[in-house]
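Enquirer: Structure incoming, see below.
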Amino acid sequence: PLRARLPELRIVLEHVTTSQGVEFVQSQANNTGATITPHHLMLNRNHMLVGGIRPHYYCLPILKRHKHQRALVAAAISGDQRFFLGTDSAPHTASTKETACGCAGVFNAPNTMSALAHIFEEEQALDMLEGFVSLHGPAFYQLPVNDSTMTLVKQNEPVIVEPKVQAGDEHVVVFDPGQPLYWRVDSIQMSS
């Protein structure tokens, strides 16, 4: 009803997680978009629940079934400018995740680009990665594109990411994508 009353309103589905959400965005004009997180592209609810609960995969919106994960991957690699990266990286300490009422969120900042390059390569869509990560979001929000650059390099051995980051007296567990990643950030050139 809101879309019907205000067709010009820009709407973003933050961290879309379902095939229905993807279909909704695809059925709308270019002023409707959606962000997709790296962990929703890499994981589904089985990764979080099978064999016991993995609290560091608990996020909101929660991971969905495999069919929804596949719809998100298809949207991300499609080149459709209405879909773009939203990391939703959440550095909760381990003590606030590993508890009876744990915080929702995945700390993926250290390996987001490795995970995304892995997914896009696996789907034979590396040529769509830059758009998803760097171009579609600014275009949707009608903002200038960041002129800093990042170079990714594929290596023969898996990328080593420290499994935790110290945070005062505690630590934050880094997102474990559940499989080896071979792409690493080689360099970042900041704009002047």
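FYI, nothing fancy with the structure tokens labels: chains A, B, ... in order, residues from 1 per chain, ligands from 1 as they appear.
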Neighbours of His118 (chain A) within 9 Å (only C-alpha atoms; same-chain residues fewer than 6 positions away dropped), as a list of chain:residue names?

Expert: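 Counting only C-alpha atoms, the residues come to A:Leu126, A:Leu181, A:Tyr182, A:Trp183.
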
Enquirer: Selection from above, C-alpha atoms, as an mmCIF file, in the first residue's frame, can you write it?

Expert:
data_model
loop_
_atom_site.group_PDB
_atom_site.id
_atom_site.type_symbol
_atom_site.label_atom_id
_atom_site.label_comp_id
_atom_site.auth_asym_id
_atom_site.auth_seq_id
_atom_site.Cartn_x
_atom_site.Cartn_y
_atom_site.Cartn_z
ATOM 1 C CA LEU A 126 33.683 -12.159 -11.246
ATOM 2 C CA LEU A 181 38.838 -18.822 0.654
ATOM 3 C CA TYR A 182 41.614 -18.109 -1.831
ATOM 4 C CA TRP A 183 41.075 -14.437 -2.650
#

Enquirer: How would you write, as a PyMOL selection string, the set of residues in region 81-141 of chain A that DSSP gives as alpha helix (DSSP H)?

Expert: chain A and resi 94-97+112-122+129-130+136-141

Enquirer: Report as a tab-separated table: every residue of region 19-83 of chain A with an atom at most 8 Å from region 137-160 of chain A, its closest pair of atoms, and their distance in Å to one decimal, counting only C-alpha atoms, with rows sorted by chain and ascending residue number.

Expert:
residue	atom	partner	partner_atom	distance
A:Asn30	CA	A:Phe140	CA	7.9
A:Asn31	CA	A:Phe140	CA	7.3
A:Gly33	CA	A:Phe140	CA	7.3
A:Gln81	CA	A:Phe140	CA	7.4
A:Arg82	CA	A:Phe140	CA	6.9
A:Phe83	CA	A:Gly137	CA	7.7

Enquirer: Could you give me, as CSV, every region 45-100 of chain A residue with an atom at most 9 Å from region 169-173 of chain A, plus its closest atom pair and distance in Å to one decimal, counting only C-alpha atoms, rows ordered by chain then number?

Expert:
residue,atom,partner,partner_atom,distance
A:His56,CA,A:Val173,CA,7.2
A:Pro91,CA,A:Val172,CA,6.0
A:His92,CA,A:Val172,CA,6.0
A:Thr93,CA,A:Val172,CA,4.4
A:Ala94,CA,A:Val172,CA,5.4
A:Ser95,CA,A:Glu170,CA,7.6

Enquirer: Would you export the selected residues with N, CA, C and O atoms as a JSON list (two decimals), in the first residue's frame, please?

Expert:
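Writing done, so here's selection_4.json:
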[["chain", "number", "residue", "atom", "x", "y", "z"],
["A", 56, "HIS", "N", 27.75, -17.94, 16.37],
["A", 56, "HIS", "CA", 28.40, -16.89, 15.58],
["A", 56, "HIS", "C", 27.83, -16.79, 14.17],
["A", 56, "HIS", "O", 28.19, -15.90, 13.40],
["A", 91, "PRO", "N", 30.40, -6.59, 15.25],
["A", 91, "PRO", "CA", 31.46, -7.12, 16.11],
["A", 91, "PRO", "C", 31.05, -7.28, 17.57],
["A", 91, "PRO", "O", 31.56, -6.60, 18.46],
["A", 92, "HIS", "N", 30.13, -8.20, 17.84],
["A", 92, "HIS", "CA", 29.76, -8.49, 19.23],
["A", 92, "HIS", "C", 30.84, -9.38, 19.85],
["A", 92, "HIS", "O", 31.37, -10.27, 19.20],
["A", 93, "THR", "N", 31.13, -9.15, 21.10],
["A", 93, "THR", "CA", 32.11, -9.98, 21.78],
["A", 93, "THR", "C", 31.59, -11.41, 21.93],
["A", 93, "THR", "O", 30.37, -11.65, 21.93],
["A", 94, "ALA", "N", 32.51, -12.34, 22.05],
["A", 94, "ALA", "CA", 32.14, -13.75, 22.19],
["A", 94, "ALA", "C", 31.21, -13.97, 23.38],
["A", 94, "ALA", "O", 30.26, -14.75, 23.30],
["A", 95, "SER", "N", 31.46, -13.26, 24.47],
["A", 95, "SER", "CA", 30.63, -13.47, 25.67],
["A", 95, "SER", "C", 29.18, -13.02, 25.45],
["A", 95, "SER", "O", 28.28, -13.54, 26.10]]

Enquirer: Which residues in chain A does DSSP call strand (DSSP E)? List them as number ranges by chain.

Expert: A: 11-13, 32-36, 83-85, 149-154, 164-167, 170-173, 183-189

Enquirer: Which residues, written as an mmCIF file with all heavy atoms, in the first residue's frame, have at least one atom at most 12 Å from Val73 (chain A), with only C-alpha atoms counted and residues fewer than 2 positions away on the same chain left out?

Expert:
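Final output, part-v1.cif:
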data_model
loop_
_atom_site.group_PDB
_atom_site.id
_atom_site.type_symbol
_atom_site.label_atom_id
_atom_site.label_comp_id
_atom_site.auth_asym_id
_atom_site.auth_seq_id
_atom_site.Cartn_x
_atom_site.Cartn_y
_atom_site.Cartn_z
ATOM 1 N N VAL A 16 18.113 -8.232 2.548
ATOM 2 C CA VAL A 16 17.076 -9.123 2.035
ATOM 3 C C VAL A 16 17.531 -10.571 2.236
ATOM 4 O O VAL A 16 18.711 -10.876 2.091
ATOM 5 C CB VAL A 16 16.756 -8.805 0.552
ATOM 6 C CG1 VAL A 16 17.908 -9.119 -0.365
ATOM 7 C CG2 VAL A 16 15.505 -9.512 0.080
ATOM 8 N N THR A 17 16.597 -11.457 2.605
ATOM 9 C CA THR A 17 16.987 -12.840 2.920
ATOM 10 C C THR A 17 16.115 -13.891 2.263
ATOM 11 O O THR A 17 16.376 -15.082 2.442
ATOM 12 C CB THR A 17 16.945 -13.086 4.443
ATOM 13 O OG1 THR A 17 15.608 -12.861 4.910
ATOM 14 C CG2 THR A 17 17.921 -12.197 5.176
ATOM 15 N N THR A 18 15.092 -13.500 1.531
ATOM 16 C CA THR A 18 14.183 -14.501 0.968
ATOM 17 C C THR A 18 14.030 -14.333 -0.538
ATOM 18 O O THR A 18 14.231 -13.247 -1.079
ATOM 19 C CB THR A 18 12.785 -14.396 1.604
ATOM 20 O OG1 THR A 18 12.221 -13.120 1.270
ATOM 21 C CG2 THR A 18 12.824 -14.589 3.109
ATOM 22 N N SER A 19 13.610 -15.408 -1.169
ATOM 23 C CA SER A 19 13.314 -15.339 -2.599
ATOM 24 C C SER A 19 12.154 -14.381 -2.843
ATOM 25 O O SER A 19 12.129 -13.673 -3.851
ATOM 26 C CB SER A 19 13.004 -16.733 -3.148
ATOM 27 O OG SER A 19 11.911 -17.311 -2.471
ATOM 28 N N VAL A 22 13.556 -10.896 -2.964
ATOM 29 C CA VAL A 22 14.226 -10.689 -4.250
ATOM 30 C C VAL A 22 13.187 -10.437 -5.340
ATOM 31 O O VAL A 22 13.304 -9.490 -6.131
ATOM 32 C CB VAL A 22 15.124 -11.901 -4.605
ATOM 33 C CG1 VAL A 22 15.585 -11.833 -6.051
ATOM 34 C CG2 VAL A 22 16.313 -11.974 -3.651
ATOM 35 N N THR A 35 19.882 -4.600 -0.072
ATOM 36 C CA THR A 35 21.247 -4.981 0.257
ATOM 37 C C THR A 35 21.269 -6.469 0.585
ATOM 38 O O THR A 35 20.266 -7.044 1.013
ATOM 39 C CB THR A 35 21.794 -4.183 1.456
ATOM 40 O OG1 THR A 35 21.025 -4.480 2.618
ATOM 41 C CG2 THR A 35 21.777 -2.689 1.184
ATOM 42 N N ILE A 36 22.434 -7.071 0.346
ATOM 43 C CA ILE A 36 22.622 -8.492 0.628
ATOM 44 C C ILE A 36 23.935 -8.633 1.388
ATOM 45 O O ILE A 36 24.949 -8.056 1.004
ATOM 46 C CB ILE A 36 22.670 -9.326 -0.666
ATOM 47 C CG1 ILE A 36 21.413 -9.087 -1.519
ATOM 48 C CG2 ILE A 36 22.828 -10.811 -0.340
ATOM 49 C CD1 ILE A 36 21.443 -9.773 -2.880
ATOM 50 N N THR A 37 23.927 -9.432 2.451
ATOM 51 C CA THR A 37 25.127 -9.602 3.268
ATOM 52 C C THR A 37 25.980 -10.763 2.749
ATOM 53 O O THR A 37 25.448 -11.713 2.165
ATOM 54 C CB THR A 37 24.782 -9.891 4.738
ATOM 55 O OG1 THR A 37 24.258 -11.216 4.844
ATOM 56 C CG2 THR A 37 23.795 -8.885 5.305
ATOM 57 N N PRO A 38 27.277 -10.714 3.005
ATOM 58 C CA PRO A 38 28.144 -11.841 2.627
ATOM 59 C C PRO A 38 27.734 -13.148 3.305
ATOM 60 O O PRO A 38 27.763 -14.207 2.686
ATOM 61 C CB PRO A 38 29.535 -11.411 3.083
ATOM 62 C CG PRO A 38 29.464 -9.959 3.290
ATOM 63 C CD PRO A 38 28.034 -9.620 3.591
ATOM 64 N N HIS A 39 27.347 -13.068 4.569
ATOM 65 C CA HIS A 39 27.013 -14.304 5.280
ATOM 66 C C HIS A 39 25.713 -14.924 4.773
ATOM 67 O O HIS A 39 25.578 -16.142 4.771
ATOM 68 C CB HIS A 39 27.002 -14.121 6.805
ATOM 69 C CG HIS A 39 26.329 -12.898 7.313
ATOM 70 N ND1 HIS A 39 26.883 -11.640 7.227
ATOM 71 C CD2 HIS A 39 25.139 -12.727 7.936
ATOM 72 C CE1 HIS A 39 26.078 -10.751 7.768
ATOM 73 N NE2 HIS A 39 25.008 -11.393 8.205
ATOM 74 N N HIS A 40 24.775 -14.129 4.285
ATOM 75 C CA HIS A 40 23.565 -14.707 3.705
ATOM 76 C C HIS A 40 23.847 -15.326 2.337
ATOM 77 O O HIS A 40 23.115 -16.208 1.889
ATOM 78 C CB HIS A 40 22.447 -13.675 3.613
ATOM 79 C CG HIS A 40 21.782 -13.407 4.928
ATOM 80 N ND1 HIS A 40 22.166 -12.378 5.754
ATOM 81 C CD2 HIS A 40 20.790 -14.058 5.571
ATOM 82 C CE1 HIS A 40 21.420 -12.399 6.846
ATOM 83 N NE2 HIS A 40 20.568 -13.413 6.755
ATOM 84 N N LEU A 41 24.903 -14.872 1.667
ATOM 85 C CA LEU A 41 25.304 -15.495 0.399
ATOM 86 C C LEU A 41 26.057 -16.805 0.635
ATOM 87 O O LEU A 41 25.941 -17.739 -0.150
ATOM 88 C CB LEU A 41 26.176 -14.539 -0.412
ATOM 89 C CG LEU A 41 25.489 -13.277 -0.933
ATOM 90 C CD1 LEU A 41 26.507 -12.324 -1.534
ATOM 91 C CD2 LEU A 41 24.405 -13.628 -1.944
ATOM 92 N N MET A 42 26.820 -16.871 1.701
ATOM 93 C CA MET A 42 27.671 -18.040 1.979
ATOM 94 C C MET A 42 26.952 -19.148 2.747
ATOM 95 O O MET A 42 27.324 -20.315 2.642
ATOM 96 C CB MET A 42 28.897 -17.632 2.806
ATOM 97 C CG MET A 42 29.877 -16.708 2.148
ATOM 98 S SD MET A 42 30.893 -17.428 0.867
ATOM 99 C CE MET A 42 31.741 -18.740 1.670
ATOM 100 N N LEU A 43 25.952 -18.784 3.546
ATOM 101 C CA LEU A 43 25.362 -19.725 4.495
ATOM 102 C C LEU A 43 23.851 -19.806 4.366
ATOM 103 O O LEU A 43 23.209 -18.880 3.881
ATOM 104 C CB LEU A 43 25.685 -19.296 5.930
ATOM 105 C CG LEU A 43 27.143 -19.060 6.299
ATOM 106 C CD1 LEU A 43 27.231 -18.479 7.706
ATOM 107 C CD2 LEU A 43 27.943 -20.347 6.187
ATOM 108 N N ASN A 44 23.302 -20.896 4.875
ATOM 109 C CA ASN A 44 21.854 -21.016 5.047
ATOM 110 C C ASN A 44 21.599 -21.563 6.455
ATOM 111 O O ASN A 44 22.546 -21.814 7.201
ATOM 112 C CB ASN A 44 21.223 -21.872 3.938
ATOM 113 C CG ASN A 44 21.781 -23.277 3.907
ATOM 114 O OD1 ASN A 44 21.675 -24.017 4.879
ATOM 115 N ND2 ASN A 44 22.389 -23.645 2.782
ATOM 116 N N HIS A 66 18.097 -23.126 1.965
ATOM 117 C CA HIS A 66 19.003 -23.139 0.812
ATOM 118 C C HIS A 66 18.385 -22.460 -0.408
ATOM 119 O O HIS A 66 19.059 -21.723 -1.127
ATOM 120 C CB HIS A 66 19.400 -24.576 0.488
ATOM 121 C CG HIS A 66 20.298 -24.693 -0.699
ATOM 122 N ND1 HIS A 66 21.628 -24.318 -0.668
ATOM 123 C CD2 HIS A 66 20.053 -25.106 -1.965
ATOM 124 C CE1 HIS A 66 22.160 -24.510 -1.863
ATOM 125 N NE2 HIS A 66 21.230 -24.994 -2.665
ATOM 126 N N LYS A 67 17.102 -22.670 -0.669
ATOM 127 C CA LYS A 67 16.471 -22.071 -1.850
ATOM 128 C C LYS A 67 16.504 -20.542 -1.780
ATOM 129 O O LYS A 67 16.645 -19.874 -2.797
ATOM 130 C CB LYS A 67 15.044 -22.583 -2.054
ATOM 131 C CG LYS A 67 14.022 -22.043 -1.088
ATOM 132 C CD LYS A 67 12.619 -22.493 -1.465
ATOM 133 C CE LYS A 67 11.589 -21.703 -0.682
ATOM 134 N NZ LYS A 67 10.245 -21.916 -1.180
ATOM 135 N N HIS A 68 16.401 -20.002 -0.590
ATOM 136 C CA HIS A 68 16.478 -18.546 -0.430
ATOM 137 C C HIS A 68 17.915 -18.062 -0.631
ATOM 138 O O HIS A 68 18.155 -17.030 -1.257
ATOM 139 C CB HIS A 68 15.931 -18.125 0.930
ATOM 140 C CG HIS A 68 14.488 -18.456 1.108
ATOM 141 N ND1 HIS A 68 13.480 -17.848 0.388
ATOM 142 C CD2 HIS A 68 13.876 -19.357 1.912
ATOM 143 C CE1 HIS A 68 12.310 -18.346 0.746
ATOM 144 N NE2 HIS A 68 12.525 -19.269 1.674
ATOM 145 N N GLN A 69 18.859 -18.818 -0.100
ATOM 146 C CA GLN A 69 20.276 -18.504 -0.301
ATOM 147 C C GLN A 69 20.588 -18.454 -1.796
ATOM 148 O O GLN A 69 21.259 -17.541 -2.275
ATOM 149 C CB GLN A 69 21.149 -19.548 0.399
ATOM 150 C CG GLN A 69 22.630 -19.346 0.200
ATOM 151 C CD GLN A 69 23.447 -20.533 0.707
ATOM 152 O OE1 GLN A 69 22.927 -21.597 1.022
ATOM 153 N NE2 GLN A 69 24.748 -20.349 0.771
ATOM 154 N N ARG A 70 20.110 -19.430 -2.558
ATOM 155 C CA ARG A 70 20.350 -19.471 -4.012
ATOM 156 C C ARG A 70 19.718 -18.266 -4.707
ATOM 157 O O ARG A 70 20.292 -17.720 -5.656
ATOM 158 C CB ARG A 70 19.815 -20.775 -4.613
ATOM 159 C CG ARG A 70 20.559 -22.016 -4.179
ATOM 160 C CD ARG A 70 22.062 -21.985 -4.408
ATOM 161 N NE ARG A 70 22.406 -21.591 -5.767
ATOM 162 C CZ ARG A 70 23.559 -21.024 -6.115
ATOM 163 N NH1 ARG A 70 24.502 -20.798 -5.223
ATOM 164 N NH2 ARG A 70 23.794 -20.692 -7.366
ATOM 165 N N ALA A 71 18.546 -17.829 -4.262
ATOM 166 C CA ALA A 71 17.908 -16.645 -4.853
ATOM 167 C C ALA A 71 18.743 -15.395 -4.586
ATOM 168 O O ALA A 71 18.874 -14.527 -5.462
ATOM 169 C CB ALA A 71 16.492 -16.469 -4.300
ATOM 170 N N ALA A 75 20.586 -13.030 -7.410
ATOM 171 C CA ALA A 75 20.375 -11.581 -7.456
ATOM 172 C C ALA A 75 21.705 -10.835 -7.393
ATOM 173 O O ALA A 75 21.932 -9.882 -8.147
ATOM 174 C CB ALA A 75 19.463 -11.146 -6.311
ATOM 175 N N ALA A 76 22.584 -11.274 -6.503
ATOM 176 C CA ALA A 76 23.871 -10.588 -6.322
ATOM 177 C C ALA A 76 24.708 -10.618 -7.591
ATOM 178 O O ALA A 76 25.342 -9.623 -7.951
ATOM 179 C CB ALA A 76 24.644 -11.205 -5.160
ATOM 180 N N ILE A 77 24.736 -11.741 -8.265
ATOM 181 C CA ILE A 77 25.606 -11.884 -9.441
ATOM 182 C C ILE A 77 24.938 -11.442 -10.741
ATOM 183 O O ILE A 77 25.560 -11.433 -11.791
ATOM 184 C CB ILE A 77 26.094 -13.344 -9.604
ATOM 185 C CG1 ILE A 77 24.942 -14.278 -9.956
ATOM 186 C CG2 ILE A 77 26.855 -13.794 -8.366
ATOM 187 C CD1 ILE A 77 25.362 -15.649 -10.414
ATOM 188 N N SER A 78 23.677 -11.033 -10.658
ATOM 189 C CA SER A 78 22.891 -10.740 -11.860
ATOM 190 C C SER A 78 23.316 -9.478 -12.604
ATOM 191 O O SER A 78 23.015 -9.326 -13.779
ATOM 192 C CB SER A 78 21.408 -10.607 -11.490
ATOM 193 O OG SER A 78 21.204 -9.413 -10.724
ATOM 194 N N GLY A 79 23.958 -8.555 -11.896
ATOM 195 C CA GLY A 79 24.250 -7.266 -12.508
ATOM 196 C C GLY A 79 23.109 -6.275 -12.343
ATOM 197 O O GLY A 79 23.230 -5.110 -12.721
ATOM 198 N N ASP A 80 21.999 -6.708 -11.771
ATOM 199 C CA ASP A 80 20.854 -5.830 -11.517
ATOM 200 C C ASP A 80 21.283 -4.800 -10.477
ATOM 201 O O ASP A 80 21.634 -5.141 -9.349
ATOM 202 C CB ASP A 80 19.674 -6.666 -11.014
ATOM 203 C CG ASP A 80 18.390 -5.865 -10.845
ATOM 204 O OD1 ASP A 80 18.456 -4.643 -10.597
ATOM 205 O OD2 ASP A 80 17.308 -6.479 -10.933
ATOM 206 N N PHE A 83 20.429 -4.466 -6.557
ATOM 207 C CA PHE A 83 20.992 -5.317 -5.507
ATOM 208 C C PHE A 83 22.443 -4.925 -5.268
ATOM 209 O O PHE A 83 23.222 -4.816 -6.214
ATOM 210 C CB PHE A 83 20.905 -6.794 -5.910
ATOM 211 C CG PHE A 83 19.493 -7.267 -6.057
ATOM 212 C CD1 PHE A 83 18.911 -7.337 -7.316
ATOM 213 C CD2 PHE A 83 18.745 -7.620 -4.943
ATOM 214 C CE1 PHE A 83 17.594 -7.761 -7.460
ATOM 215 C CE2 PHE A 83 17.433 -8.043 -5.086
ATOM 216 C CZ PHE A 83 16.855 -8.108 -6.345
ATOM 217 N N PHE A 84 22.788 -4.704 -3.998
ATOM 218 C CA PHE A 84 24.147 -4.281 -3.673
ATOM 219 C C PHE A 84 24.524 -4.732 -2.275
ATOM 220 O O PHE A 84 23.677 -5.149 -1.484
ATOM 221 C CB PHE A 84 24.331 -2.774 -3.857
ATOM 222 C CG PHE A 84 23.207 -1.920 -3.325
ATOM 223 C CD1 PHE A 84 23.246 -1.384 -2.055
ATOM 224 C CD2 PHE A 84 22.101 -1.644 -4.128
ATOM 225 C CE1 PHE A 84 22.215 -0.594 -1.577
ATOM 226 C CE2 PHE A 84 21.062 -0.845 -3.660
ATOM 227 C CZ PHE A 84 21.114 -0.320 -2.380
ATOM 228 N N LEU A 85 25.814 -4.640 -2.000
ATOM 229 C CA LEU A 85 26.379 -5.126 -0.742
ATOM 230 C C LEU A 85 25.924 -4.300 0.456
ATOM 231 O O LEU A 85 25.924 -3.071 0.415
ATOM 232 C CB LEU A 85 27.907 -5.087 -0.821
ATOM 233 C CG LEU A 85 28.676 -5.460 0.438
ATOM 234 C CD1 LEU A 85 28.396 -6.901 0.851
ATOM 235 C CD2 LEU A 85 30.163 -5.240 0.223
ATOM 236 N N LEU A 116 33.171 -12.749 -0.885
ATOM 237 C CA LEU A 116 32.439 -12.336 -2.082
ATOM 238 C C LEU A 116 33.150 -12.774 -3.359
ATOM 239 O O LEU A 116 32.500 -13.261 -4.295
ATOM 240 C CB LEU A 116 32.225 -10.825 -2.080
ATOM 241 C CG LEU A 116 31.258 -10.307 -1.017
ATOM 242 C CD1 LEU A 116 31.245 -8.788 -1.020
ATOM 243 C CD2 LEU A 116 29.863 -10.877 -1.206
ATOM 244 N N HIS A 118 35.032 -15.292 -3.708
ATOM 245 C CA HIS A 118 34.825 -16.743 -3.783
ATOM 246 C C HIS A 118 33.468 -17.057 -4.417
ATOM 247 O O HIS A 118 33.375 -17.875 -5.337
ATOM 248 C CB HIS A 118 34.917 -17.355 -2.389
ATOM 249 C CG HIS A 118 34.579 -18.800 -2.344
ATOM 250 N ND1 HIS A 118 35.511 -19.781 -2.591
ATOM 251 C CD2 HIS A 118 33.403 -19.442 -2.094
ATOM 252 C CE1 HIS A 118 34.928 -20.967 -2.493
ATOM 253 N NE2 HIS A 118 33.655 -20.783 -2.199
ATOM 254 N N ILE A 119 32.428 -16.416 -3.925
ATOM 255 C CA ILE A 119 31.073 -16.666 -4.429
ATOM 256 C C ILE A 119 30.965 -16.289 -5.896
ATOM 257 O O ILE A 119 30.463 -17.063 -6.719
ATOM 258 C CB ILE A 119 30.037 -15.877 -3.605
ATOM 259 C CG1 ILE A 119 29.956 -16.416 -2.182
ATOM 260 C CG2 ILE A 119 28.664 -15.915 -4.275
ATOM 261 C CD1 ILE A 119 29.309 -15.468 -1.211
ATOM 262 N N PHE A 120 31.415 -15.095 -6.240
ATOM 263 C CA PHE A 120 31.280 -14.622 -7.616
ATOM 264 C C PHE A 120 32.106 -15.477 -8.577
ATOM 265 O O PHE A 120 31.662 -15.757 -9.684
ATOM 266 C CB PHE A 120 31.646 -13.140 -7.708
ATOM 267 C CG PHE A 120 30.516 -12.224 -7.307
ATOM 268 C CD1 PHE A 120 30.080 -12.150 -5.987
ATOM 269 C CD2 PHE A 120 29.869 -11.442 -8.243
ATOM 270 C CE1 PHE A 120 29.043 -11.314 -5.609
ATOM 271 C CE2 PHE A 120 28.821 -10.605 -7.889
ATOM 272 C CZ PHE A 120 28.404 -10.541 -6.564
ATOM 273 N N GLU A 121 33.291 -15.910 -8.143
ATOM 274 C CA GLU A 121 34.077 -16.790 -9.004
ATOM 275 C C GLU A 121 33.382 -18.138 -9.171
ATOM 276 O O GLU A 121 33.306 -18.675 -10.290
ATOM 277 C CB GLU A 121 35.478 -17.004 -8.425
ATOM 278 C CG GLU A 121 36.310 -17.938 -9.296
ATOM 279 C CD GLU A 121 37.641 -18.289 -8.678
ATOM 280 O OE1 GLU A 121 37.709 -18.496 -7.452
ATOM 281 O OE2 GLU A 121 38.617 -18.367 -9.446
ATOM 282 N N GLU A 122 32.881 -18.684 -8.081
ATOM 283 C CA GLU A 122 32.189 -19.971 -8.128
ATOM 284 C C GLU A 122 31.002 -19.924 -9.098
ATOM 285 O O GLU A 122 30.686 -20.902 -9.759
ATOM 286 C CB GLU A 122 31.706 -20.315 -6.714
ATOM 287 C CG GLU A 122 31.286 -21.736 -6.502
ATOM 288 C CD GLU A 122 31.041 -22.003 -5.028
ATOM 289 O OE1 GLU A 122 30.074 -21.432 -4.463
ATOM 290 O OE2 GLU A 122 31.805 -22.778 -4.433
ATOM 291 N N GLU A 123 30.375 -18.764 -9.186
ATOM 292 C CA GLU A 123 29.215 -18.583 -10.063
ATOM 293 C C GLU A 123 29.614 -18.064 -11.453
ATOM 294 O O GLU A 123 28.751 -17.690 -12.240
ATOM 295 C CB GLU A 123 28.226 -17.614 -9.410
ATOM 296 C CG GLU A 123 27.651 -18.109 -8.102
ATOM 297 C CD GLU A 123 26.745 -19.314 -8.266
ATOM 298 O OE1 GLU A 123 26.058 -19.407 -9.309
ATOM 299 O OE2 GLU A 123 26.713 -20.168 -7.351
ATOM 300 N N GLN A 124 30.919 -18.013 -11.715
ATOM 301 C CA GLN A 124 31.454 -17.511 -12.985
ATOM 302 C C GLN A 124 30.943 -16.098 -13.283
ATOM 303 O O GLN A 124 30.521 -15.791 -14.404
ATOM 304 C CB GLN A 124 31.121 -18.480 -14.122
ATOM 305 C CG GLN A 124 31.714 -19.842 -13.895
ATOM 306 C CD GLN A 124 31.334 -20.851 -14.960
ATOM 307 O OE1 GLN A 124 30.792 -20.521 -15.990
ATOM 308 N NE2 GLN A 124 31.647 -22.106 -14.693
ATOM 309 N N ALA A 125 31.006 -15.252 -12.260
ATOM 310 C CA ALA A 125 30.485 -13.894 -12.381
ATOM 311 C C ALA A 125 31.430 -12.862 -11.771
ATOM 312 O O ALA A 125 30.979 -11.827 -11.269
ATOM 313 C CB ALA A 125 29.112 -13.811 -11.723
ATOM 314 N N MET A 128 30.946 -9.227 -12.341
ATOM 315 C CA MET A 128 29.831 -8.533 -11.692
ATOM 316 C C MET A 128 30.154 -8.086 -10.260
ATOM 317 O O MET A 128 29.382 -7.381 -9.642
ATOM 318 C CB MET A 128 28.592 -9.441 -11.650
ATOM 319 C CG MET A 128 28.091 -9.848 -13.007
ATOM 320 S SD MET A 128 27.535 -8.390 -13.918
ATOM 321 C CE MET A 128 27.083 -9.133 -15.461
ATOM 322 N N LEU A 129 31.311 -8.488 -9.759
ATOM 323 C CA LEU A 129 31.662 -8.212 -8.364
ATOM 324 C C LEU A 129 31.790 -6.717 -8.085
ATOM 325 O O LEU A 129 31.242 -6.214 -7.106
ATOM 326 C CB LEU A 129 32.959 -8.940 -7.985
ATOM 327 C CG LEU A 129 33.458 -8.757 -6.557
ATOM 328 C CD1 LEU A 129 32.439 -9.248 -5.548
ATOM 329 C CD2 LEU A 129 34.780 -9.500 -6.373
ATOM 330 N N PHE A 132 28.386 -4.974 -7.756
ATOM 331 C CA PHE A 132 27.678 -5.333 -6.535
ATOM 332 C C PHE A 132 28.292 -4.653 -5.315
ATOM 333 O O PHE A 132 27.586 -4.133 -4.452
ATOM 334 C CB PHE A 132 27.694 -6.855 -6.357
ATOM 335 C CG PHE A 132 27.024 -7.328 -5.103
ATOM 336 C CD1 PHE A 132 25.652 -7.331 -4.991
ATOM 337 C CD2 PHE A 132 27.782 -7.780 -4.025
ATOM 338 C CE1 PHE A 132 25.020 -7.762 -3.819
ATOM 339 C CE2 PHE A 132 27.170 -8.212 -2.860
ATOM 340 C CZ PHE A 132 25.789 -8.206 -2.758
#

Enquirer: For Leu63 (chain A), which residue out of A:Ser134, A:Val161, A:Asp127, A:His15 is the nearest one, using only C-alpha atoms?

Expert: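 Counting only C-alpha atoms, the residue closest to Leu63 (chain A) is A:His15.
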